[in-house]
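What's in upload-v6.pdb: PDB, N, CA and C atoms
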```pdb
ATOM      1  N   MET A   1      73.275  75.750 101.873
ATOM      2  CA  MET A   1      73.464  77.171 101.772
ATOM      3  C   MET A   1      73.985  77.508 100.379
ATOM      4  N   TRP A   2      73.379  78.478  99.734
ATOM      5  CA  TRP A   2      73.809  78.948  98.424
ATOM      6  C   TRP A   2      74.854  80.056  98.590
ATOM      7  N   GLU A   3      75.852  80.037  97.732
ATOM      8  CA  GLU A   3      76.775  81.157  97.606
ATOM      9  C   GLU A   3      76.821  81.509  96.131
ATOM     10  N   VAL A   4      76.877  82.799  95.842
ATOM     11  CA  VAL A   4      76.857  83.262  94.460
ATOM     12  C   VAL A   4      77.986  84.252  94.252
ATOM     13  N   TYR A   5      78.750  84.055  93.175
ATOM     14  CA  TYR A   5      79.747  85.016  92.750
ATOM     15  C   TYR A   5      79.580  85.183  91.250
ATOM     16  N   LYS A   6      79.094  86.353  90.823
ATOM     17  CA  LYS A   6      78.720  86.598  89.430
ATOM     18  C   LYS A   6      77.715  85.517  89.037
ATOM     19  N   HIS A   7      78.041  84.651  88.087
ATOM     20  CA  HIS A   7      77.113  83.575  87.697
ATOM     21  C   HIS A   7      77.471  82.229  88.315
ATOM     22  N   THR A   8      78.567  82.155  89.065
ATOM     23  CA  THR A   8      78.958  80.900  89.700
ATOM     24  C   THR A   8      78.075  80.640  90.916
ATOM     25  N   LEU A   9      77.480  79.448  90.951
ATOM     26  CA  LEU A   9      76.657  79.026  92.090
ATOM     27  C   LEU A   9      77.412  77.966  92.872
ATOM     28  N   GLN A  10      77.295  78.021  94.190
ATOM     29  CA  GLN A  10      77.911  77.014  95.045
ATOM     30  C   GLN A  10      76.928  76.634  96.139
ATOM     31  N   MET A  11      76.857  75.335  96.418
ATOM     32  CA  MET A  11      76.020  74.871  97.516
ATOM     33  C   MET A  11      76.746  73.777  98.273
ATOM     34  N   VAL A  12      76.322  73.543  99.491
ATOM     35  CA  VAL A  12      76.889  72.488 100.324
ATOM     36  C   VAL A  12      76.172  71.184  99.981
ATOM     37  N   GLU A  13      76.947  70.112  99.873
ATOM     38  CA  GLU A  13      76.396  68.799  99.537
ATOM     39  C   GLU A  13      75.206  68.462 100.437
ATOM     40  N   GLY A  14      74.116  68.045  99.813
ATOM     41  CA  GLY A  14      72.942  67.612 100.551
ATOM     42  C   GLY A  14      71.957  68.705 100.902
ATOM     43  N   ASP A  15      72.316  69.971 100.692
ATOM     44  CA  ASP A  15      71.387  71.065 100.999
ATOM     45  C   ASP A  15      70.177  71.006 100.071
ATOM     46  N   PHE A  16      69.019  71.314 100.624
ATOM     47  CA  PHE A  16      67.806  71.397  99.810
ATOM     48  C   PHE A  16      66.807  72.296 100.523
ATOM     49  N   GLY A  17      65.821  72.767  99.757
ATOM     50  CA  GLY A  17      64.757  73.571 100.335
ATOM     51  C   GLY A  17      65.114  75.018 100.602
ATOM     52  N   LEU A  18      66.320  75.428 100.221
ATOM     53  CA  LEU A  18      66.732  76.818 100.410
ATOM     54  C   LEU A  18      66.529  77.574  99.102
ATOM     55  N   ALA A  19      65.808  78.672  99.164
ATOM     56  CA  ALA A  19      65.504  79.441  97.961
ATOM     57  C   ALA A  19      66.643  80.383  97.606
ATOM     58  N   LEU A  20      66.981  80.416  96.322
ATOM     59  CA  LEU A  20      67.952  81.364  95.794
ATOM     60  C   LEU A  20      67.194  82.296  94.842
ATOM     61  N   PRO A  21      66.849  83.496  95.318
ATOM     62  CA  PRO A  21      66.118  84.425  94.456
ATOM     63  C   PRO A  21      66.984  84.861  93.278
ATOM     64  N   PHE A  22      66.351  85.021  92.111
ATOM     65  CA  PHE A  22      67.071  85.562  90.960
ATOM     66  C   PHE A  22      66.147  86.471  90.163
ATOM     67  N   ASP A  23      66.757  87.460  89.541
ATOM     68  CA  ASP A  23      66.043  88.429  88.722
ATOM     69  C   ASP A  23      66.576  88.373  87.303
ATOM     70  N   VAL A  24      65.704  88.652  86.346
ATOM     71  CA  VAL A  24      66.106  88.779  84.950
ATOM     72  C   VAL A  24      66.045  90.260  84.611
ATOM     73  N   ASN A  25      67.170  90.791  84.141
ATOM     74  CA  ASN A  25      67.265  92.215  83.813
ATOM     75  C   ASN A  25      67.385  92.403  82.309
ATOM     76  N   GLY A  26      66.915  93.543  81.816
ATOM     77  CA  GLY A  26      67.106  93.896  80.421
ATOM     78  C   GLY A  26      65.973  93.488  79.498
ATOM     79  N   THR A  27      64.969  92.809  80.010
ATOM     80  CA  THR A  27      63.806  92.412  79.222
ATOM     81  C   THR A  27      62.641  92.198  80.167
ATOM     82  N   ASP A  28      61.460  92.065  79.621
ATOM     83  CA  ASP A  28      60.287  91.812  80.452
ATOM     84  C   ASP A  28      59.828  90.371  80.272
ATOM     85  N   ILE A  29      59.885  89.611  81.345
ATOM     86  CA  ILE A  29      59.409  88.229  81.351
ATOM     87  C   ILE A  29      57.928  88.275  81.704
ATOM     88  N   THR A  30      57.090  87.596  80.913
ATOM     89  CA  THR A  30      55.649  87.594  81.168
ATOM     90  C   THR A  30      55.243  86.304  81.881
ATOM     91  N   ALA A  31      54.015  86.272  82.344
ATOM     92  CA  ALA A  31      53.496  85.091  83.047
ATOM     93  C   ALA A  31      53.436  83.873  82.130
ATOM     94  N   ASN A  32      53.418  84.065  80.818
ATOM     95  CA  ASN A  32      53.363  82.948  79.860
ATOM     96  C   ASN A  32      54.740  82.415  79.500
ATOM     97  N   ASP A  33      55.778  83.092  79.942
ATOM     98  CA  ASP A  33      57.146  82.693  79.604
ATOM     99  C   ASP A  33      57.639  81.586  80.534
ATOM    100  N   VAL A  34      58.693  80.923  80.100
ATOM    101  CA  VAL A  34      59.324  79.860  80.884
ATOM    102  C   VAL A  34      60.815  80.178  81.004
ATOM    103  N   LEU A  35      61.329  80.088  82.219
ATOM    104  CA  LEU A  35      62.768  80.154  82.456
ATOM    105  C   LEU A  35      63.220  78.746  82.813
ATOM    106  N   ARG A  36      64.209  78.238  82.091
ATOM    107  CA  ARG A  36      64.652  76.856  82.269
ATOM    108  C   ARG A  36      66.124  76.778  82.649
ATOM    109  N   PHE A  37      66.376  76.278  83.865
ATOM    110  CA  PHE A  37      67.735  75.946  84.297
ATOM    111  C   PHE A  37      68.036  74.524  83.841
ATOM    112  N   THR A  38      69.221  74.330  83.265
ATOM    113  CA  THR A  38      69.681  72.998  82.893
ATOM    114  C   THR A  38      71.028  72.772  83.561
ATOM    115  N   PHE A  39      71.118  71.737  84.394
ATOM    116  CA  PHE A  39      72.350  71.389  85.097
ATOM    117  C   PHE A  39      72.956  70.159  84.433
ATOM    118  N   LYS A  40      74.255  70.243  84.096
ATOM    119  CA  LYS A  40      74.945  69.129  83.428
ATOM    120  C   LYS A  40      76.189  68.735  84.214
ATOM    121  N   ASP A  41      76.637  67.515  83.967
ATOM    122  CA  ASP A  41      77.832  67.025  84.664
ATOM    123  C   ASP A  41      79.108  67.684  84.168
ATOM    124  N   LYS A  42      79.085  68.219  82.946
ATOM    125  CA  LYS A  42      80.218  68.946  82.367
ATOM    126  C   LYS A  42      79.729  69.660  81.112
ATOM    127  N   LEU A  43      80.548  70.512  80.553
ATOM    128  CA  LEU A  43      80.213  71.214  79.330
ATOM    129  C   LEU A  43      79.862  70.203  78.247
ATOM    130  N   ASN A  44      78.715  70.356  77.617
ATOM    131  CA  ASN A  44      78.225  69.435  76.591
ATOM    132  C   ASN A  44      78.037  68.018  77.122
ATOM    133  N   GLY A  45      77.882  67.885  78.426
ATOM    134  CA  GLY A  45      77.753  66.572  79.047
ATOM    135  C   GLY A  45      76.306  66.162  79.243
ATOM    136  N   GLU A  46      76.122  65.199  80.124
ATOM    137  CA  GLU A  46      74.809  64.639  80.432
ATOM    138  C   GLU A  46      73.996  65.608  81.288
ATOM    139  N   THR A  47      72.740  65.789  80.921
ATOM    140  CA  THR A  47      71.846  66.622  81.715
ATOM    141  C   THR A  47      71.445  65.850  82.967
ATOM    142  N   LEU A  48      71.705  66.441  84.133
ATOM    143  CA  LEU A  48      71.365  65.817  85.411
ATOM    144  C   LEU A  48      70.023  66.303  85.944
ATOM    145  N   LEU A  49      69.696  67.559  85.642
ATOM    146  CA  LEU A  49      68.460  68.136  86.171
ATOM    147  C   LEU A  49      68.036  69.319  85.315
ATOM    148  N   THR A  50      66.734  69.407  85.072
ATOM    149  CA  THR A  50      66.138  70.564  84.415
ATOM    150  C   THR A  50      65.060  71.106  85.336
ATOM    151  N   LYS A  51      65.099  72.404  85.596
ATOM    152  CA  LYS A  51      64.095  73.067  86.440
ATOM    153  C   LYS A  51      63.453  74.174  85.614
ATOM    154  N   GLU A  52      62.127  74.146  85.520
ATOM    155  CA  GLU A  52      61.409  75.171  84.768
ATOM    156  C   GLU A  52      60.575  76.025  85.705
ATOM    157  N   TYR A  53      60.574  77.323  85.417
ATOM    158  CA  TYR A  53      59.806  78.274  86.204
ATOM    159  C   TYR A  53      58.855  79.025  85.293
ATOM    160  N   THR A  54      57.585  79.053  85.687
ATOM    161  CA  THR A  54      56.548  79.761  84.948
ATOM    162  C   THR A  54      55.874  80.752  85.887
ATOM    163  N   ASP A  55      54.937  81.494  85.349
ATOM    164  CA  ASP A  55      54.210  82.482  86.136
ATOM    165  C   ASP A  55      55.185  83.409  86.879
ATOM    166  N   ILE A  56      56.175  83.887  86.136
ATOM    167  CA  ILE A  56      57.191  84.789  86.687
ATOM    168  C   ILE A  56      56.540  86.134  86.994
ATOM    169  N   GLN A  57      56.764  86.642  88.181
ATOM    170  CA  GLN A  57      56.215  87.923  88.598
ATOM    171  C   GLN A  57      57.344  88.934  88.772
ATOM    172  N   GLU A  58      57.193  90.099  88.140
ATOM    173  CA  GLU A  58      58.162  91.190  88.275
ATOM    174  C   GLU A  58      59.595  90.749  87.958
ATOM    175  N   ASN A  59      59.732  89.884  86.944
ATOM    176  CA  ASN A  59      61.029  89.386  86.472
ATOM    177  C   ASN A  59      61.836  88.661  87.549
ATOM    178  N   SER A  60      61.154  88.122  88.569
ATOM    179  CA  SER A  60      61.840  87.434  89.673
ATOM    180  C   SER A  60      61.279  86.040  89.892
ATOM    181  N   ALA A  61      62.148  85.147  90.314
ATOM    182  CA  ALA A  61      61.756  83.783  90.695
ATOM    183  C   ALA A  61      62.766  83.293  91.728
ATOM    184  N   GLN A  62      62.611  82.051  92.156
ATOM    185  CA  GLN A  62      63.520  81.482  93.147
ATOM    186  C   GLN A  62      63.931  80.078  92.732
ATOM    187  N   LEU A  63      65.237  79.868  92.617
ATOM    188  CA  LEU A  63      65.769  78.541  92.365
ATOM    189  C   LEU A  63      65.781  77.783  93.680
ATOM    190  N   MET A  64      65.197  76.598  93.688
ATOM    191  CA  MET A  64      65.186  75.779  94.897
ATOM    192  C   MET A  64      65.261  74.310  94.487
ATOM    193  N   LEU A  65      66.108  73.551  95.177
ATOM    194  CA  LEU A  65      66.222  72.115  94.934
ATOM    195  C   LEU A  65      65.470  71.345  96.006
ATOM    196  N   THR A  66      64.824  70.262  95.582
ATOM    197  CA  THR A  66      64.201  69.344  96.534
ATOM    198  C   THR A  66      65.293  68.419  97.078
ATOM    199  N   GLU A  67      64.947  67.636  98.067
ATOM    200  CA  GLU A  67      65.916  66.677  98.617
ATOM    201  C   GLU A  67      66.362  65.692  97.541
ATOM    202  N   GLU A  68      65.430  65.228  96.728
ATOM    203  CA  GLU A  68      65.749  64.267  95.656
ATOM    204  C   GLU A  68      66.650  64.907  94.602
ATOM    205  N   GLU A  69      66.371  66.158  94.260
ATOM    206  CA  GLU A  69      67.190  66.857  93.269
ATOM    207  C   GLU A  69      68.590  67.106  93.803
ATOM    208  N   SER A  70      68.696  67.508  95.040
ATOM    209  CA  SER A  70      69.994  67.767  95.652
ATOM    210  C   SER A  70      70.859  66.498  95.668
ATOM    211  N   ALA A  71      70.224  65.353  95.873
ATOM    212  CA  ALA A  71      70.950  64.077  95.930
ATOM    213  C   ALA A  71      71.607  63.723  94.593
ATOM    214  N   LEU A  72      71.206  64.374  93.514
ATOM    215  CA  LEU A  72      71.814  64.126  92.202
ATOM    216  C   LEU A  72      73.232  64.683  92.113
ATOM    217  N   PHE A  73      73.569  65.578  93.035
ATOM    218  CA  PHE A  73      74.838  66.292  92.956
ATOM    219  C   PHE A  73      75.752  65.939  94.121
ATOM    220  N   ARG A  74      76.764  65.160  93.836
ATOM    221  CA  ARG A  74      77.812  64.845  94.803
ATOM    222  C   ARG A  74      78.817  65.994  94.818
ATOM    223  N   VAL A  75      79.743  65.971  95.745
ATOM    224  CA  VAL A  75      80.794  66.984  95.785
ATOM    225  C   VAL A  75      81.507  66.988  94.434
ATOM    226  N   GLY A  76      81.620  68.170  93.848
ATOM    227  CA  GLY A  76      82.295  68.279  92.560
ATOM    228  C   GLY A  76      81.865  69.510  91.796
ATOM    229  N   ASP A  77      82.328  69.568  90.555
ATOM    230  CA  ASP A  77      82.055  70.705  89.688
ATOM    231  C   ASP A  77      81.091  70.307  88.576
ATOM    232  N   TYR A  78      80.123  71.177  88.325
ATOM    233  CA  TYR A  78      79.107  70.976  87.305
ATOM    234  C   TYR A  78      78.959  72.277  86.530
ATOM    235  N   VAL A  79      78.101  72.271  85.525
ATOM    236  CA  VAL A  79      77.787  73.497  84.794
ATOM    237  C   VAL A  79      76.276  73.629  84.701
ATOM    238  N   TYR A  80      75.828  74.868  84.490
ATOM    239  CA  TYR A  80      74.404  75.101  84.289
ATOM    240  C   TYR A  80      74.208  76.213  83.269
ATOM    241  N   SER A  81      73.007  76.244  82.710
ATOM    242  CA  SER A  81      72.617  77.328  81.818
ATOM    243  C   SER A  81      71.202  77.747  82.193
ATOM    244  N   LEU A  82      70.819  78.949  81.747
ATOM    245  CA  LEU A  82      69.479  79.471  81.989
ATOM    246  C   LEU A  82      68.944  79.996  80.668
ATOM    247  N   ASP A  83      67.839  79.393  80.188
ATOM    248  CA  ASP A  83      67.231  79.763  78.919
ATOM    249  C   ASP A  83      65.856  80.372  79.134
ATOM    250  N   TRP A  84      65.472  81.224  78.197
ATOM    251  CA  TRP A  84      64.175  81.890  78.227
ATOM    252  C   TRP A  84      63.363  81.427  77.024
ATOM    253  N   TYR A  85      62.146  80.959  77.299
ATOM    254  CA  TYR A  85      61.207  80.537  76.265
ATOM    255  C   TYR A  85      59.945  81.379  76.364
ATOM    256  N   GLN A  86      59.400  81.756  75.204
ATOM    257  CA  GLN A  86      58.158  82.522  75.165
ATOM    258  C   GLN A  86      57.196  81.806  74.230
ATOM    259  N   ASP A  87      56.044  81.430  74.769
ATOM    260  CA  ASP A  87      55.041  80.675  74.000
ATOM    261  C   ASP A  87      55.657  79.429  73.369
ATOM    262  N   GLY A  88      56.551  78.757  74.108
ATOM    263  CA  GLY A  88      57.170  77.523  73.644
ATOM    264  C   GLY A  88      58.328  77.711  72.684
ATOM    265  N   VAL A  89      58.663  78.944  72.364
ATOM    266  CA  VAL A  89      59.741  79.241  71.422
ATOM    267  C   VAL A  89      60.959  79.753  72.185
ATOM    268  N   PHE A  90      62.120  79.178  71.885
ATOM    269  CA  PHE A  90      63.370  79.621  72.510
ATOM    270  C   PHE A  90      63.627  81.074  72.126
ATOM    271  N   MET A  91      63.872  81.922  73.130
ATOM    272  CA  MET A  91      64.143  83.337  72.892
ATOM    273  C   MET A  91      65.634  83.636  72.961
ATOM    274  N   VAL A  92      66.229  83.311  74.121
ATOM    275  CA  VAL A  92      67.647  83.643  74.304
ATOM    276  C   VAL A  92      68.202  82.826  75.470
ATOM    277  N   ASN A  93      69.491  82.646  75.414
ATOM    278  CA  ASN A  93      70.219  82.005  76.494
ATOM    279  C   ASN A  93      70.648  83.103  77.452
ATOM    280  N   LEU A  94      70.003  83.192  78.614
ATOM    281  CA  LEU A  94      70.300  84.250  79.585
ATOM    282  C   LEU A  94      71.642  84.026  80.271
ATOM    283  N   ILE A  95      71.949  82.766  80.587
ATOM    284  CA  ILE A  95      73.266  82.391  81.105
ATOM    285  C   ILE A  95      73.716  81.208  80.265
ATOM    286  N   LYS A  96      74.768  81.418  79.498
ATOM    287  CA  LYS A  96      75.212  80.428  78.513
ATOM    288  C   LYS A  96      75.775  79.168  79.156
ATOM    289  N   CYS A  97      76.752  79.337  79.984
ATOM    290  CA  CYS A  97      77.388  78.201  80.643
ATOM    291  C   CYS A  97      78.141  78.743  81.849
ATOM    292  N   ALA A  98      77.688  78.356  83.023
ATOM    293  CA  ALA A  98      78.307  78.865  84.245
ATOM    294  C   ALA A  98      78.612  77.705  85.182
ATOM    295  N   ALA A  99      79.479  77.961  86.132
ATOM    296  CA  ALA A  99      79.906  76.929  87.078
ATOM    297  C   ALA A  99      78.883  76.734  88.186
ATOM    298  N   PHE A 100      78.678  75.474  88.532
ATOM    299  CA  PHE A 100      77.860  75.075  89.681
ATOM    300  C   PHE A 100      78.724  74.138  90.503
ATOM    301  N   LYS A 101      79.089  74.560  91.703
ATOM    302  CA  LYS A 101      80.008  73.778  92.539
ATOM    303  C   LYS A 101      79.266  73.256  93.766
ATOM    304  N   VAL A 102      79.557  72.015  94.090
ATOM    305  CA  VAL A 102      79.008  71.403  95.299
ATOM    306  C   VAL A 102      80.195  71.087  96.195
ATOM    307  N   VAL A 103      80.155  71.640  97.420
ATOM    308  CA  VAL A 103      81.282  71.479  98.341
ATOM    309  C   VAL A 103      80.885  70.578  99.510
ATOM    310  N   GLU A 104      81.903  70.034 100.167
ATOM    311  CA  GLU A 104      81.681  69.126 101.303
ATOM    312  C   GLU A 104      81.124  69.858 102.503
ATOM    313  N   LYS A 105      80.350  69.090 103.294
ATOM    314  CA  LYS A 105      79.898  69.606 104.594
ATOM    315  C   LYS A 105      81.092  69.588 105.540
ATOM    316  N   ALA A 106      81.068  70.445 106.521
ATOM    317  CA  ALA A 106      82.156  70.460 107.505
ATOM    318  C   ALA A 106      82.042  69.273 108.439
TER
END
```

Once you've parsed the file, please lay out its structure as structure tokens.
Amino acid sequence: MWEVYKHTLQMVEGDFGLALPFDVNGTDITANDVLRFTFKDKLNGETLLTKEYTDIQENSAQLMLTEEESALFRVGDYVYSLDWYQDGVFMVNLIKCAAFKVVEKA
């Protein structure tokens, strides 16, 4: 289960296959653009997972982890960023550095 507070994301350990819809506001994302989530173990740390989204429709997409991707994240605190690329060129960092928390199952 995803929980969101501002840019902080939280999920329960082992969850996968649940879609977290997100919208990009303030600009127009085209079908040729790429939105890239990068998850790291800490600020300036090791990249654990990169997820890229293309063919964005109406500035919306859905973040979803597979079972294998979810297994990369044990209970703990991580960070993530969201970048926008257009025609392979970095445009802007939409989310610079935000918290990603994984909590224990009950």

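The residue set within 6 Å of range 31-45 of chain A, counting only C-alpha atoms and dropping same-chain residues fewer than 4 places from it, reads Leu49, Thr50, Lys51, Glu52, Tyr53, Thr54, Asp55, Ile56, Tyr78, Val79, Tyr80, Ser81, Leu82, Asp83, Trp84, Tyr85 and Gln86 of chain A.
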
Per DSSP on the backbone, filter range 39-105 of chain A down to the residues in strand (DSSP E) and report them as number ranges by chain. A: 39-40, 47-53, 60-63, 76-86, 89-103

Residues of range 44-84 of chain A within 5 Å of range 18-22 of chain A: nearest atom pair and distance (Å, one decimal) for each, counting all atoms listed in the file, sorted by chain and number, as a tab-separated table?
```
residue	atom	partner	partner_atom	distance
A:Ser60	CA	A:Phe22	C	4.4
A:Ala61	C	A:Phe22	N	4.0
A:Gln62	CA	A:Leu20	C	4.1
A:Leu63	N	A:Leu20	C	3.8
A:Met64	CA	A:Leu18	C	4.8
```

Counting all atoms listed in the file, the option among A:Val12, A:Asp87, A:Glu46, A:Trp2 closest to Arg74 in chain A: A:Val12

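The residue that comes closest to Val103 in chain A, out of A:Leu9, A:Ile29, A:Val24, A:Val75 and on the basis of only N, CA and C atoms, is A:Val75.
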
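Reported to one decimal place, the separation of CA of Lys101 in chain A from CA of Met1 in chain A is 11.8 Å.
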
Using Å and a single decimal, report how far CA of Thr47 in chain A sits from CA of Glu104 in chain A. 22.1 Å

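Evaluated against the shown file, the PyMOL selection byres ((chain A and resi 16) around 6.5) gives A:Met1, A:Gly14, A:Asp15, A:Gly17, A:Leu18, A:Leu65, A:Thr66, A:Glu67, A:Ser70.
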
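Across the model, the gap from CA of Ala98 in chain A to atom N of Glu13 in chain A is 18.0 Å.
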
Put the listed atoms of range 24-29 of chain A in a box along x, y and z with 4 Å added on every side and give me the centre and edge lengths in Å to one decimal, as JSON.
```
{"center_x": 62.7, "center_y": 91.1, "center_z": 82.8, "size_x": 17.5, "size_y": 13.7, "size_z": 15.1}
```
